[in-house]
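> File name data_18.cif; file contents mmCIF, C-alpha atoms; full text below.
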```cif
data_my_file
loop_
_atom_site.group_PDB
_atom_site.id
_atom_site.type_symbol
_atom_site.label_atom_id
_atom_site.label_comp_id
_atom_site.auth_asym_id
_atom_site.auth_seq_id
_atom_site.Cartn_x
_atom_site.Cartn_y
_atom_site.Cartn_z
ATOM 1 C CA MET A 1 0.000 0.000 0.000
ATOM 2 C CA LEU A 2 1.294 3.429 -0.888
ATOM 3 C CA GLU A 3 2.222 5.826 1.891
ATOM 4 C CA GLY A 4 -0.707 8.066 2.785
ATOM 5 C CA MET A 5 -3.283 5.881 1.041
ATOM 6 C CA SER A 6 -6.491 5.185 2.932
ATOM 7 C CA ALA A 7 -6.983 1.634 4.176
ATOM 8 C CA ILE A 8 -10.495 1.571 2.693
ATOM 9 C CA GLU A 9 -11.986 3.827 0.028
ATOM 10 C CA VAL A 10 -15.676 3.535 -0.855
ATOM 11 C CA THR A 11 -16.942 5.765 -3.658
ATOM 12 C CA HIS A 12 -20.584 6.085 -4.782
ATOM 13 C CA LEU A 13 -21.413 2.538 -3.654
ATOM 14 C CA THR A 14 -24.845 1.237 -4.704
ATOM 15 C CA LYS A 15 -26.459 -2.140 -3.990
ATOM 16 C CA ARG A 16 -29.958 -3.307 -4.932
ATOM 17 C CA TYR A 17 -32.020 -6.349 -4.061
ATOM 18 C CA GLY A 18 -34.677 -6.487 -6.737
ATOM 19 C CA ASP A 19 -36.619 -3.233 -6.557
ATOM 20 C CA THR A 20 -35.174 -2.371 -3.135
ATOM 21 C CA VAL A 21 -32.158 -0.073 -3.009
ATOM 22 C CA ALA A 22 -30.272 -1.185 0.121
ATOM 23 C CA VAL A 23 -27.306 1.153 -0.396
ATOM 24 C CA ARG A 24 -27.450 4.342 -2.441
ATOM 25 C CA ASP A 25 -24.394 6.404 -3.399
ATOM 26 C CA VAL A 26 -22.373 5.717 -0.213
ATOM 27 C CA SER A 27 -18.873 7.216 -0.025
ATOM 28 C CA PHE A 28 -16.326 7.236 2.815
ATOM 29 C CA ALA A 29 -12.655 6.535 3.497
ATOM 30 C CA VAL A 30 -11.102 4.719 6.458
ATOM 31 C CA GLU A 31 -7.609 5.826 7.448
ATOM 32 C CA THR A 32 -4.938 3.344 8.432
ATOM 33 C CA GLY A 33 -4.872 2.636 12.162
ATOM 34 C CA GLU A 34 -8.233 4.111 13.099
ATOM 35 C CA ILE A 35 -11.423 2.621 14.477
ATOM 36 C CA PHE A 36 -14.016 3.762 11.958
ATOM 37 C CA GLY A 37 -17.650 3.299 12.883
ATOM 38 C CA ILE A 38 -20.695 2.779 10.700
ATOM 39 C CA LEU A 39 -23.724 3.767 12.724
ATOM 40 C CA GLY A 40 -27.369 3.608 11.806
ATOM 41 C CA PRO A 41 -30.807 2.216 12.614
ATOM 42 C CA ASN A 42 -31.728 -1.394 11.882
ATOM 43 C CA GLY A 43 -32.201 -1.901 8.150
ATOM 44 C CA ALA A 44 -30.239 1.225 7.237
ATOM 45 C CA GLY A 45 -27.811 -0.623 4.933
ATOM 46 C CA LYS A 46 -24.854 -0.960 7.310
ATOM 47 C CA THR A 47 -24.273 -4.692 6.915
ATOM 48 C CA THR A 48 -24.739 -4.614 3.135
ATOM 49 C CA THR A 49 -22.153 -1.844 2.945
ATOM 50 C CA VAL A 50 -19.474 -3.736 4.880
ATOM 51 C CA GLU A 51 -20.230 -6.987 3.046
ATOM 52 C CA CYS A 52 -19.443 -5.123 -0.194
ATOM 53 C CA VAL A 53 -16.225 -3.830 1.408
ATOM 54 C CA ALA A 54 -15.297 -7.364 2.476
ATOM 55 C CA GLY A 55 -15.950 -8.702 -1.030
ATOM 56 C CA LEU A 56 -18.831 -10.902 0.148
ATOM 57 C CA ARG A 57 -21.315 -9.062 -2.067
ATOM 58 C CA THR A 58 -20.886 -7.499 -5.479
ATOM 59 C CA ALA A 59 -21.826 -3.837 -5.743
ATOM 60 C CA ASP A 60 -24.232 -2.717 -8.456
ATOM 61 C CA GLY A 61 -22.480 0.624 -8.770
ATOM 62 C CA GLY A 62 -19.520 2.603 -7.457
ATOM 63 C CA THR A 63 -16.096 1.370 -6.410
ATOM 64 C CA VAL A 64 -14.514 -0.199 -3.341
ATOM 65 C CA ARG A 65 -10.757 -0.199 -2.816
ATOM 66 C CA VAL A 66 -9.177 -1.959 0.152
ATOM 67 C CA LEU A 67 -5.454 -1.507 0.802
ATOM 68 C CA GLY A 68 -5.167 -0.081 -2.689
ATOM 69 C CA ARG A 69 -6.804 -3.092 -4.343
ATOM 70 C CA ALA A 70 -10.218 -3.431 -5.918
ATOM 71 C CA GLY A 71 -12.794 -4.904 -3.567
ATOM 72 C CA GLY A 72 -13.195 -8.643 -4.111
ATOM 73 C CA ASP A 73 -9.489 -9.209 -4.955
ATOM 74 C CA ARG A 74 -8.728 -12.755 -3.794
ATOM 75 C CA GLU A 75 -5.481 -11.645 -2.137
ATOM 76 C CA LEU A 76 -7.490 -9.398 0.157
ATOM 77 C CA ARG A 77 -8.951 -12.426 1.899
ATOM 78 C CA GLU A 78 -5.575 -12.869 3.558
ATOM 79 C CA LEU A 79 -5.427 -9.211 4.604
ATOM 80 C CA VAL A 80 -8.957 -8.640 5.885
ATOM 81 C CA GLY A 81 -10.492 -10.412 8.884
ATOM 82 C CA VAL A 82 -14.270 -10.434 9.080
ATOM 83 C CA GLN A 83 -16.694 -11.071 11.948
ATOM 84 C CA LEU A 84 -20.202 -11.061 10.520
ATOM 85 C CA GLN A 85 -23.417 -10.286 12.358
ATOM 86 C CA GLU A 86 -24.779 -13.375 14.154
ATOM 87 C CA SER A 87 -22.007 -15.602 12.796
ATOM 88 C CA ARG A 88 -22.099 -18.964 14.566
ATOM 89 C CA LEU A 89 -20.177 -22.211 14.604
ATOM 90 C CA PRO A 90 -21.498 -25.760 14.988
ATOM 91 C CA GLU A 91 -22.472 -26.249 18.622
ATOM 92 C CA LYS A 92 -20.062 -29.175 19.158
ATOM 93 C CA THR A 93 -17.007 -27.493 17.611
ATOM 94 C CA THR A 94 -14.412 -26.689 20.254
ATOM 95 C CA VAL A 95 -12.592 -23.392 20.520
ATOM 96 C CA GLY A 96 -9.287 -25.048 19.620
ATOM 97 C CA GLU A 97 -10.760 -26.857 16.611
ATOM 98 C CA ALA A 98 -12.250 -23.635 15.235
ATOM 99 C CA LEU A 99 -9.020 -21.675 15.643
ATOM 100 C CA GLU A 100 -6.867 -24.447 14.150
ATOM 101 C CA LEU A 101 -9.226 -24.803 11.178
ATOM 102 C CA PHE A 102 -9.359 -21.075 10.429
ATOM 103 C CA ALA A 103 -5.571 -20.757 10.818
ATOM 104 C CA ALA A 104 -5.172 -23.415 8.109
ATOM 105 C CA PHE A 105 -6.861 -21.094 5.599
ATOM 106 C CA TYR A 106 -3.930 -18.631 5.656
ATOM 107 C CA PRO A 107 -0.307 -18.913 4.480
ATOM 108 C CA ASP A 108 1.100 -17.021 7.477
ATOM 109 C CA PRO A 109 -1.402 -17.282 10.342
ATOM 110 C CA ALA A 110 -0.972 -16.094 13.875
ATOM 111 C CA ASP A 111 -0.094 -18.573 16.602
ATOM 112 C CA TRP A 112 -3.699 -19.477 17.388
ATOM 113 C CA ARG A 113 -2.884 -20.811 20.842
ATOM 114 C CA ALA A 114 -1.147 -17.566 21.799
ATOM 115 C CA LEU A 115 -4.012 -15.578 20.270
ATOM 116 C CA ALA A 116 -6.532 -17.544 22.336
ATOM 117 C CA GLY A 117 -4.511 -16.742 25.447
ATOM 118 C CA ASP A 118 -4.353 -13.050 24.566
ATOM 119 C CA LEU A 119 -8.147 -12.957 24.210
ATOM 120 C CA GLY A 120 -8.892 -14.807 27.437
ATOM 121 C CA LEU A 121 -9.686 -18.157 25.802
ATOM 122 C CA GLY A 122 -6.536 -20.050 26.749
ATOM 123 C CA GLY A 123 -8.435 -22.187 29.239
ATOM 124 C CA LYS A 124 -11.344 -22.801 26.871
ATOM 125 C CA LEU A 125 -9.617 -24.555 23.947
ATOM 126 C CA LYS A 126 -11.472 -27.824 24.620
ATOM 127 C CA GLU A 127 -14.793 -26.105 25.363
ATOM 128 C CA ARG A 128 -17.557 -26.572 22.798
ATOM 129 C CA PHE A 129 -18.927 -23.474 21.092
ATOM 130 C CA GLY A 130 -22.453 -24.182 22.330
ATOM 131 C CA ARG A 131 -21.286 -24.108 25.954
ATOM 132 C CA LEU A 132 -19.553 -20.721 25.715
ATOM 133 C CA SER A 133 -21.127 -17.609 27.207
ATOM 134 C CA GLY A 134 -22.144 -14.790 24.879
ATOM 135 C CA GLY A 135 -19.022 -12.837 25.779
ATOM 136 C CA GLN A 136 -16.782 -15.860 25.192
ATOM 137 C CA GLN A 137 -18.399 -16.467 21.793
ATOM 138 C CA GLN A 138 -17.641 -12.873 20.845
ATOM 139 C CA ARG A 139 -14.043 -13.287 21.982
ATOM 140 C CA LEU A 140 -13.822 -16.332 19.736
ATOM 141 C CA SER A 141 -15.329 -14.347 16.849
ATOM 142 C CA ILE A 142 -12.620 -11.713 17.277
ATOM 143 C CA ALA A 143 -9.938 -14.408 17.490
ATOM 144 C CA LEU A 144 -11.176 -15.995 14.246
ATOM 145 C CA ALA A 145 -11.132 -12.582 12.562
ATOM 146 C CA LEU A 146 -7.520 -12.049 13.681
ATOM 147 C CA VAL A 147 -6.033 -15.511 13.218
ATOM 148 C CA GLY A 148 -4.937 -14.715 9.660
ATOM 149 C CA ASN A 149 -2.851 -11.723 10.810
ATOM 150 C CA PRO A 150 -5.083 -9.252 8.920
ATOM 151 C CA ARG A 151 -4.322 -5.595 8.412
ATOM 152 C CA ILE A 152 -8.030 -4.738 8.546
ATOM 153 C CA ALA A 153 -10.720 -6.195 10.812
ATOM 154 C CA ILE A 154 -14.400 -5.775 9.922
ATOM 155 C CA LEU A 155 -16.599 -6.284 12.984
ATOM 156 C CA ASP A 156 -20.376 -6.253 12.478
ATOM 157 C CA GLU A 157 -22.732 -5.712 15.448
ATOM 158 C CA LEU A 158 -20.190 -7.362 17.715
ATOM 159 C CA THR A 159 -21.884 -6.665 21.046
ATOM 160 C CA THR A 160 -25.550 -7.264 20.206
ATOM 161 C CA GLY A 161 -27.139 -9.421 22.900
ATOM 162 C CA LEU A 162 -24.316 -9.033 25.420
ATOM 163 C CA ASP A 163 -24.849 -7.914 28.989
ATOM 164 C CA PRO A 164 -23.303 -4.540 29.983
ATOM 165 C CA GLN A 165 -20.152 -6.045 31.505
ATOM 166 C CA ALA A 166 -19.514 -8.353 28.538
ATOM 167 C CA ARG A 167 -20.069 -5.403 26.198
ATOM 168 C CA ARG A 168 -17.453 -3.324 28.012
ATOM 169 C CA ASP A 169 -15.019 -6.240 28.000
ATOM 170 C CA THR A 170 -15.515 -6.515 24.239
ATOM 171 C CA TRP A 171 -14.818 -2.794 23.850
ATOM 172 C CA SER A 172 -11.483 -3.320 25.576
ATOM 173 C CA LEU A 173 -10.725 -6.147 23.148
ATOM 174 C CA ILE A 174 -11.489 -3.915 20.156
ATOM 175 C CA ARG A 175 -9.058 -1.293 21.466
ATOM 176 C CA GLU A 176 -6.445 -4.031 21.862
ATOM 177 C CA VAL A 177 -7.046 -5.081 18.245
ATOM 178 C CA ARG A 178 -6.329 -1.529 17.098
ATOM 179 C CA ASP A 179 -3.244 -1.420 19.335
ATOM 180 C CA ARG A 180 -1.961 -4.466 17.427
ATOM 181 C CA GLY A 181 -1.800 -2.205 14.365
ATOM 182 C CA VAL A 182 -5.041 -3.419 12.816
ATOM 183 C CA THR A 183 -7.421 -0.934 11.201
ATOM 184 C CA VAL A 184 -10.965 -1.577 12.477
ATOM 185 C CA LEU A 185 -14.226 -1.056 10.588
ATOM 186 C CA LEU A 186 -16.919 -1.355 13.249
ATOM 187 C CA VAL A 187 -20.650 -1.628 12.517
ATOM 188 C CA THR A 188 -22.969 -0.809 15.403
ATOM 189 C CA HIS A 189 -26.280 0.696 16.377
ATOM 190 C CA PHE A 190 -25.223 1.361 19.976
ATOM 191 C CA MET A 191 -24.573 5.077 20.487
ATOM 192 C CA GLU A 192 -22.374 4.631 23.564
ATOM 193 C CA GLU A 193 -20.274 2.030 21.778
ATOM 194 C CA ALA A 194 -19.657 4.327 18.816
ATOM 195 C CA GLU A 195 -18.954 7.310 21.059
ATOM 196 C CA ARG A 196 -16.428 5.452 23.210
ATOM 197 C CA LEU A 197 -14.583 3.504 20.525
ATOM 198 C CA CYS A 198 -14.647 5.287 17.199
ATOM 199 C CA ASP A 199 -12.231 7.899 15.906
ATOM 200 C CA ARG A 200 -14.732 8.812 13.182
ATOM 201 C CA ILE A 201 -18.260 7.708 12.340
ATOM 202 C CA ALA A 202 -20.328 7.510 9.167
ATOM 203 C CA VAL A 203 -24.034 7.703 9.987
ATOM 204 C CA ILE A 204 -26.056 5.711 7.436
ATOM 205 C CA ASP A 205 -29.815 6.072 7.141
ATOM 206 C CA ARG A 206 -32.024 4.563 4.431
ATOM 207 C CA GLY A 207 -28.956 3.393 2.547
ATOM 208 C CA ALA A 208 -27.181 6.760 2.420
ATOM 209 C CA VAL A 209 -24.493 8.522 4.452
ATOM 210 C CA VAL A 210 -26.222 11.411 6.203
ATOM 211 C CA ALA A 211 -23.184 12.571 8.224
ATOM 212 C CA LEU A 212 -19.497 11.719 8.671
ATOM 213 C CA ASP A 213 -17.347 13.169 11.449
ATOM 214 C CA THR A 214 -15.791 12.494 14.820
ATOM 215 C CA PRO A 215 -18.294 11.685 17.590
ATOM 216 C CA ALA A 216 -17.906 15.205 18.998
ATOM 217 C CA GLY A 217 -18.162 16.681 15.511
ATOM 218 C CA LEU A 218 -21.432 14.856 14.848
ATOM 219 C CA VAL A 219 -22.884 16.248 18.065
ATOM 220 C CA ASP A 220 -21.859 19.783 17.060
ATOM 221 C CA ARG A 221 -23.129 19.386 13.489
ATOM 222 C CA ALA A 222 -26.512 18.227 14.728
ATOM 223 C CA GLY A 223 -26.927 21.527 16.553
ATOM 224 C CA ALA A 224 -25.993 20.400 20.021
ATOM 225 C CA LEU A 225 -28.063 21.989 22.751
ATOM 226 C CA ARG A 226 -26.943 22.829 26.253
ATOM 227 C CA ARG A 227 -29.334 22.965 29.173
ATOM 228 C CA LEU A 228 -28.532 25.087 32.220
ATOM 229 C CA ARG A 229 -30.416 24.645 35.468
ATOM 230 C CA PHE A 230 -29.989 26.872 38.508
ATOM 231 C CA ARG A 231 -31.772 28.619 41.346
ATOM 232 C CA PRO A 232 -31.248 32.428 41.221
ATOM 233 C CA SER A 233 -30.476 34.220 44.459
ATOM 234 C CA VAL A 234 -33.183 36.817 43.701
ATOM 235 C CA PRO A 235 -36.257 36.787 41.425
ATOM 236 C CA LEU A 236 -35.119 36.852 37.800
ATOM 237 C CA ASP A 237 -36.669 38.724 34.882
ATOM 238 C CA GLU A 238 -36.563 36.117 32.092
ATOM 239 C CA VAL A 239 -36.054 38.853 29.483
ATOM 240 C CA LEU A 240 -32.474 39.227 30.715
ATOM 241 C CA LEU A 241 -31.808 35.774 29.325
ATOM 242 C CA THR A 242 -34.227 35.474 26.383
ATOM 243 C CA ASP A 243 -32.585 38.539 24.820
ATOM 244 C CA LEU A 244 -29.254 36.705 24.600
ATOM 245 C CA PRO A 245 -28.595 35.423 21.047
ATOM 246 C CA GLU A 246 -27.253 32.110 22.385
ATOM 247 C CA VAL A 247 -30.476 31.368 24.309
ATOM 248 C CA GLU A 248 -33.294 29.443 22.631
ATOM 249 C CA SER A 249 -35.697 29.146 25.542
ATOM 250 C CA VAL A 250 -36.113 29.925 29.234
ATOM 251 C CA ARG A 251 -38.451 27.981 31.472
ATOM 252 C CA GLN A 252 -39.209 28.536 35.159
ATOM 253 C CA GLU A 253 -40.434 25.855 37.542
ATOM 254 C CA GLY A 254 -40.942 27.097 41.070
ATOM 255 C CA ASP A 255 -37.719 28.760 42.146
ATOM 256 C CA ARG A 256 -35.624 27.032 39.473
ATOM 257 C CA ILE A 257 -34.694 28.288 35.987
ATOM 258 C CA GLU A 258 -33.938 26.100 32.963
ATOM 259 C CA VAL A 259 -32.167 27.726 30.019
ATOM 260 C CA THR A 260 -31.682 25.961 26.678
ATOM 261 C CA GLY A 261 -29.224 27.289 24.130
ATOM 262 C CA THR A 262 -26.308 26.687 21.788
ATOM 263 C CA GLY A 263 -22.724 27.823 21.342
ATOM 264 C CA ALA A 264 -21.333 29.845 24.241
ATOM 265 C CA VAL A 265 -24.648 29.891 26.104
ATOM 266 C CA VAL A 266 -22.996 28.953 29.411
ATOM 267 C CA GLN A 267 -20.603 31.882 29.298
ATOM 268 C CA ALA A 268 -23.318 34.287 28.105
ATOM 269 C CA VAL A 269 -25.720 33.366 30.893
ATOM 270 C CA ALA A 270 -22.983 33.411 33.550
ATOM 271 C CA ALA A 271 -21.817 36.864 32.413
ATOM 272 C CA THR A 272 -25.365 38.244 32.451
ATOM 273 C CA LEU A 273 -26.065 36.911 35.937
ATOM 274 C CA ALA A 274 -22.782 38.346 37.222
ATOM 275 C CA ALA A 275 -23.505 41.749 35.652
ATOM 276 C CA HIS A 276 -26.792 41.881 37.596
ATOM 277 C CA GLN A 277 -25.200 40.508 40.781
ATOM 278 C CA ILE A 278 -27.359 37.383 40.692
ATOM 279 C CA ILE A 279 -25.872 34.234 42.205
ATOM 280 C CA ALA A 280 -26.768 30.937 40.493
ATOM 281 C CA HIS A 281 -27.222 28.314 43.189
ATOM 282 C CA ASP A 282 -27.093 24.585 42.286
ATOM 283 C CA PHE A 283 -25.823 25.502 38.819
ATOM 284 C CA ARG A 284 -25.842 22.472 36.489
ATOM 285 C CA VAL A 285 -25.041 22.099 32.789
ATOM 286 C CA GLU A 286 -26.212 19.246 30.568
ATOM 287 C CA GLN A 287 -25.160 18.769 26.952
ATOM 288 C CA ASP A 288 -26.528 16.682 24.086
ATOM 289 C CA ASN A 289 -24.646 13.465 23.351
ATOM 290 C CA LEU A 290 -24.310 11.244 20.294
ATOM 291 C CA ASP A 291 -27.693 9.669 20.984
ATOM 292 C CA ASP A 292 -29.383 13.073 20.680
ATOM 293 C CA ALA A 293 -27.383 13.853 17.527
ATOM 294 C CA PHE A 294 -28.326 10.492 15.990
ATOM 295 C CA VAL A 295 -32.029 11.206 16.406
ATOM 296 C CA ARG A 296 -31.648 14.603 14.728
ATOM 297 C CA LEU A 297 -29.522 13.268 11.870
ATOM 298 C CA THR A 298 -31.643 10.250 10.915
ATOM 299 C CA SER A 299 -35.228 9.531 9.967
ATOM 300 C CA ARG A 300 -35.996 8.945 13.649
ATOM 301 C CA GLY A 301 -35.676 12.665 14.143
ATOM 302 C CA ASN A 302 -38.336 13.594 11.585
ATOM 303 C CA GLY A 303 -41.040 11.145 12.569
ATOM 304 C CA ALA A 304 -40.229 8.540 9.913
#
```
If you convert what's in this file into structure tokens, what do you get?


Amino acid sequence: MLEGMSAIEVTHLTKRYGDTVAVRDVSFAVETGEIFGILGPNGAGKTTTVECVAGLRTADGGTVRVLGRAGGDRELRELVGVQLQESRLPEKTTVGEALELFAAFYPDPADWRALAGDLGLGGKLKERFGRLSGGQQQRLSIALALVGNPRIAILDELTTGLDPQARRDTWSLIREVRDRGVTVLLVTHFMEEAERLCDRIAVIDRGAVVALDTPAGLVDRAGALRRLRFRPSVPLDEVLLTDLPEVESVRQEGDRIEVTGTGAVVQAVAATLAAHQIIAHDFRVEQDNLDDAFVRLTSRGNGA
């Protein structure tokens, strides 16, 4: 791969199933060494998109280049590890058998025993797949995606169905994968997962990219609101605050004031209160997160 080239480049990707357009004109690039998230509601086209990237489906339009090669290049199978949504093994297959089998598919595989140890499966090599916990099955899925020493790992809905602790353990594993030097393409519909793990995120809705930015950038682009709550030391004329350009609304409940605004609303309100010698007791600030931004950016935010 040439220096400075993106690990993955998707340009005007289109995929149809009969009369249904699953993916329409999707474009994004994944930089080497990052965790890049694809976020969207169920049925948005996320899985179809990454299956085209992985060469498992043929696009009807556009181009996919992975590590400088056209998507579907047979050599890429040795460079890209894939964990598909709801991928399962035969119930009676043991962890060791699965890892040994998958390692045999590659000319230069990782030491699968060492990999199992690194991922907390060293003591489970003789355990059957059907007897593993959900978290252990996901660890095995990651191990199988990494056993070929890939440069890119595609992980699709990795933590669906896991309990909160198992989900957080899996997040730690994904960070460790990136620390191994592997570029990660992560598909998810969990806002917290995307916010905690991803360097950048493409939000896909109805088969199209509706936004692409860092998690913080997506929140800002969606018009992030800040809510200030406080109890003024003296009765407050709401006009003092509603006249501020950063303030969108002011609401009073009993002796408490709630101010909603954007930009530097915190500084503007604080300066106004200080200028009128009003002390804000129990001052609290809340800010929109990625979940709020997601609702505004997708069809969920317009009643669809």

> Determine the residue membership of the PyMOL selection byres ((chain A and resi 120) around 12) for the file above and supply it as a list of chain:residue names.

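Taken over the shown coordinates, the PyMOL selection byres ((chain A and resi 120) around 12) returns A:Val95, A:Arg113, A:Ala114, A:Leu115, A:Ala116, A:Gly117, A:Asp118, A:Leu119, A:Leu121, A:Gly122, A:Gly123, A:Lys124, A:Leu125, A:Gly135, A:Gln136, A:Gln137, A:Gln138, A:Arg139, A:Leu140, A:Ile142, A:Ala143, A:Asp169, A:Thr170, A:Ser172, A:Leu173.
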
> Report the distance between atom CA of A:Thr188 and atom CA of A:Ile38 in Å, rounded to one decimal place.

6.3 Å

> What's around A:Asn149 at 10 Å? Count only C-alpha atoms, leave out sequence neighbours fewer than 3 positions away in its own chain, and write the answer as JSON, numbers by chain.

{"A": [78, 79, 80, 81, 103, 106, 107, 108, 109, 110, 111, 144, 145, 146, 152, 153, 180, 182]}

> Find the residues around stretch 245-252 of chain A up to 10 Å (only C-alpha atoms counted), leave out those fewer than 2 positions away in its own chain, and share them as a list of chain:residue names.

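Listing them by chain and then by number gives A:Leu225, A:Arg226, A:Arg227, A:Leu228, A:Arg229, A:Phe230, A:Arg231, A:Leu236, A:Glu238, A:Val239, A:Leu241, A:Thr242, A:Asp243, A:Gly254, A:Asp255, A:Arg256, A:Ile257, A:Glu258, A:Val259, A:Thr260, A:Gly261, A:Thr262, A:Gly263, A:Ala264, A:Val265, A:Val266, A:Gln267, A:Ala268, A:Val269.
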
> Selected by the PyMOL selection byres ((chain A and resi 234) around 8) in the shown coordinates: which residues, as an MDAnalysis selection string?

chainID A and resid 232:233 235:236 278:279

> Return the single residue from A:Val187, A:Val177, A:Ala194, A:Ala270 that is closest to A:Gly33, with distances computed using all atoms listed in the file.

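Among the listed residues, the smallest separation from A:Gly33 belongs to A:Val177.
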
> Rounded to one decimal place, report the atom CA of A:Arg77-atom CA of A:Asp205 distance in Å.

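Atom CA of A:Asp205 lies 28.4 Å from atom CA of A:Arg77.
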
> Which of these residues is nearest to A:Gln83, using all atoms listed in the file: A:Glu97, A:Asp25, A:Asp156, A:Asp19?

A:Asp156

> Interatomic distance between atom CA of A:Gln165 and atom CA of A:Val184?

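Calculated distance between atom CA of A:Gln165 and atom CA of A:Val184 is 21.6 Å.
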
> Evaluate the PyMOL selection byres ((chain A and resi 131) around 12) here and jot the selected residues down as a list in words.

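What the PyMOL selection byres ((chain A and resi 131) around 12) grabs from the file is Leu89, Pro90, Glu91, Lys92, Thr93, Thr94, Val95, Lys124, Leu125, Lys126, Glu127, Arg128, Phe129, Gly130, Leu132, Ser133, Gly134, Gly135, Gln136 and Gln137 of chain A.
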
> May I ask which of the residues A:Val30, A:Met191, A:Ala208, A:Cys198 is the closest one to A:Asn289, counting only C-alpha atoms?

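Closest residue, counting only C-alpha atoms: A:Met191.
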
> Find the residues near A:Asp60: any atom within 7 Å, counting all atoms listed in the file, skip ones fewer than 5 places away on the same chain, and give them as a compact mmCIF listing (two decimals) with C-alpha atoms, keeping the file's coordinate frame.


```
# COMPACT_ATOMS: atom_id res chain seq x y z
CA THR A 14 -24.84 1.24 -4.70
CA LYS A 15 -26.46 -2.14 -3.99
CA ARG A 16 -29.96 -3.31 -4.93
```

> Which one is closest to A:Val50: A:Ala98, A:Ala104, A:Ile154, A:Val26? Count all atoms listed in the file.

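Selected residue with least distance to A:Val50: A:Ile154.
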
> Which of these, A:Val23, A:Val82, A:Ala224, A:Leu244, has the shortest distance to A:Leu186 once you count all atoms listed in the file?

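Ranking A:Val23, A:Val82, A:Ala224, A:Leu244 by distance to A:Leu186, first place goes to A:Val82.
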
> For A:Phe294, which residue among A:Leu240, A:Ile174, A:Leu273, A:Val210 is the nearest when counting only C-alpha atoms?

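When distances to A:Phe294 are compared using only C-alpha atoms, the smallest one comes from A:Val210.
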
> Give me the residues near A:Thr11 as a PyMOL selection string, where near means some atom within 8 Å (using all atoms listed in the file) and where sequence neighbours in that chain fewer than 3 positions away do not count.

chain A and resi 25-28+62-64

> I'd like the contact shell of A:Leu297 - 10 Å cut-off, all atoms listed in the file, skipping same-chain residues fewer than 6 positions apart - returned as a ChimeraX atom specification.

/A:40,203-205,210-211,218-219,221-223,291

> Would you write out those residues with C-alpha atoms, as a PDB file, in the coordinates of the input?


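The result, stored in again_20.pdb:
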```
ATOM      1  CA  GLY A  40     -27.369   3.608  11.806  1.00  0.00           C
ATOM      2  CA  VAL A 203     -24.034   7.703   9.987  1.00  0.00           C
ATOM      3  CA  ILE A 204     -26.056   5.711   7.436  1.00  0.00           C
ATOM      4  CA  ASP A 205     -29.815   6.072   7.141  1.00  0.00           C
ATOM      5  CA  VAL A 210     -26.222  11.411   6.203  1.00  0.00           C
ATOM      6  CA  ALA A 211     -23.184  12.571   8.224  1.00  0.00           C
ATOM      7  CA  LEU A 218     -21.432  14.856  14.848  1.00  0.00           C
ATOM      8  CA  VAL A 219     -22.884  16.248  18.065  1.00  0.00           C
ATOM      9  CA  ARG A 221     -23.129  19.386  13.489  1.00  0.00           C
ATOM     10  CA  ALA A 222     -26.512  18.227  14.728  1.00  0.00           C
ATOM     11  CA  GLY A 223     -26.927  21.527  16.553  1.00  0.00           C
ATOM     12  CA  ASP A 291     -27.693   9.669  20.984  1.00  0.00           C
TER      13      ASP A 291
END
```

> What would the list of residues within 9 Å of (-23.5, -2.8, 2.6) (file frame) look like as a ChimeraX atom specification, if all atoms listed in the file are what count?

/A:13-15,22-23,45-53,57,59,207

> Hey, can I get the axis-aligned box for stretch 92-105 of chain A? All listed atoms, 5 Å padding on each side, centre and edge lengths in Å to one decimal, as AutoDock Vina command-line options.


```
--center_x -12.6 --center_y -25.0 --center_z 13.1 --size_x 24.9 --size_y 18.4 --size_z 24.9
```
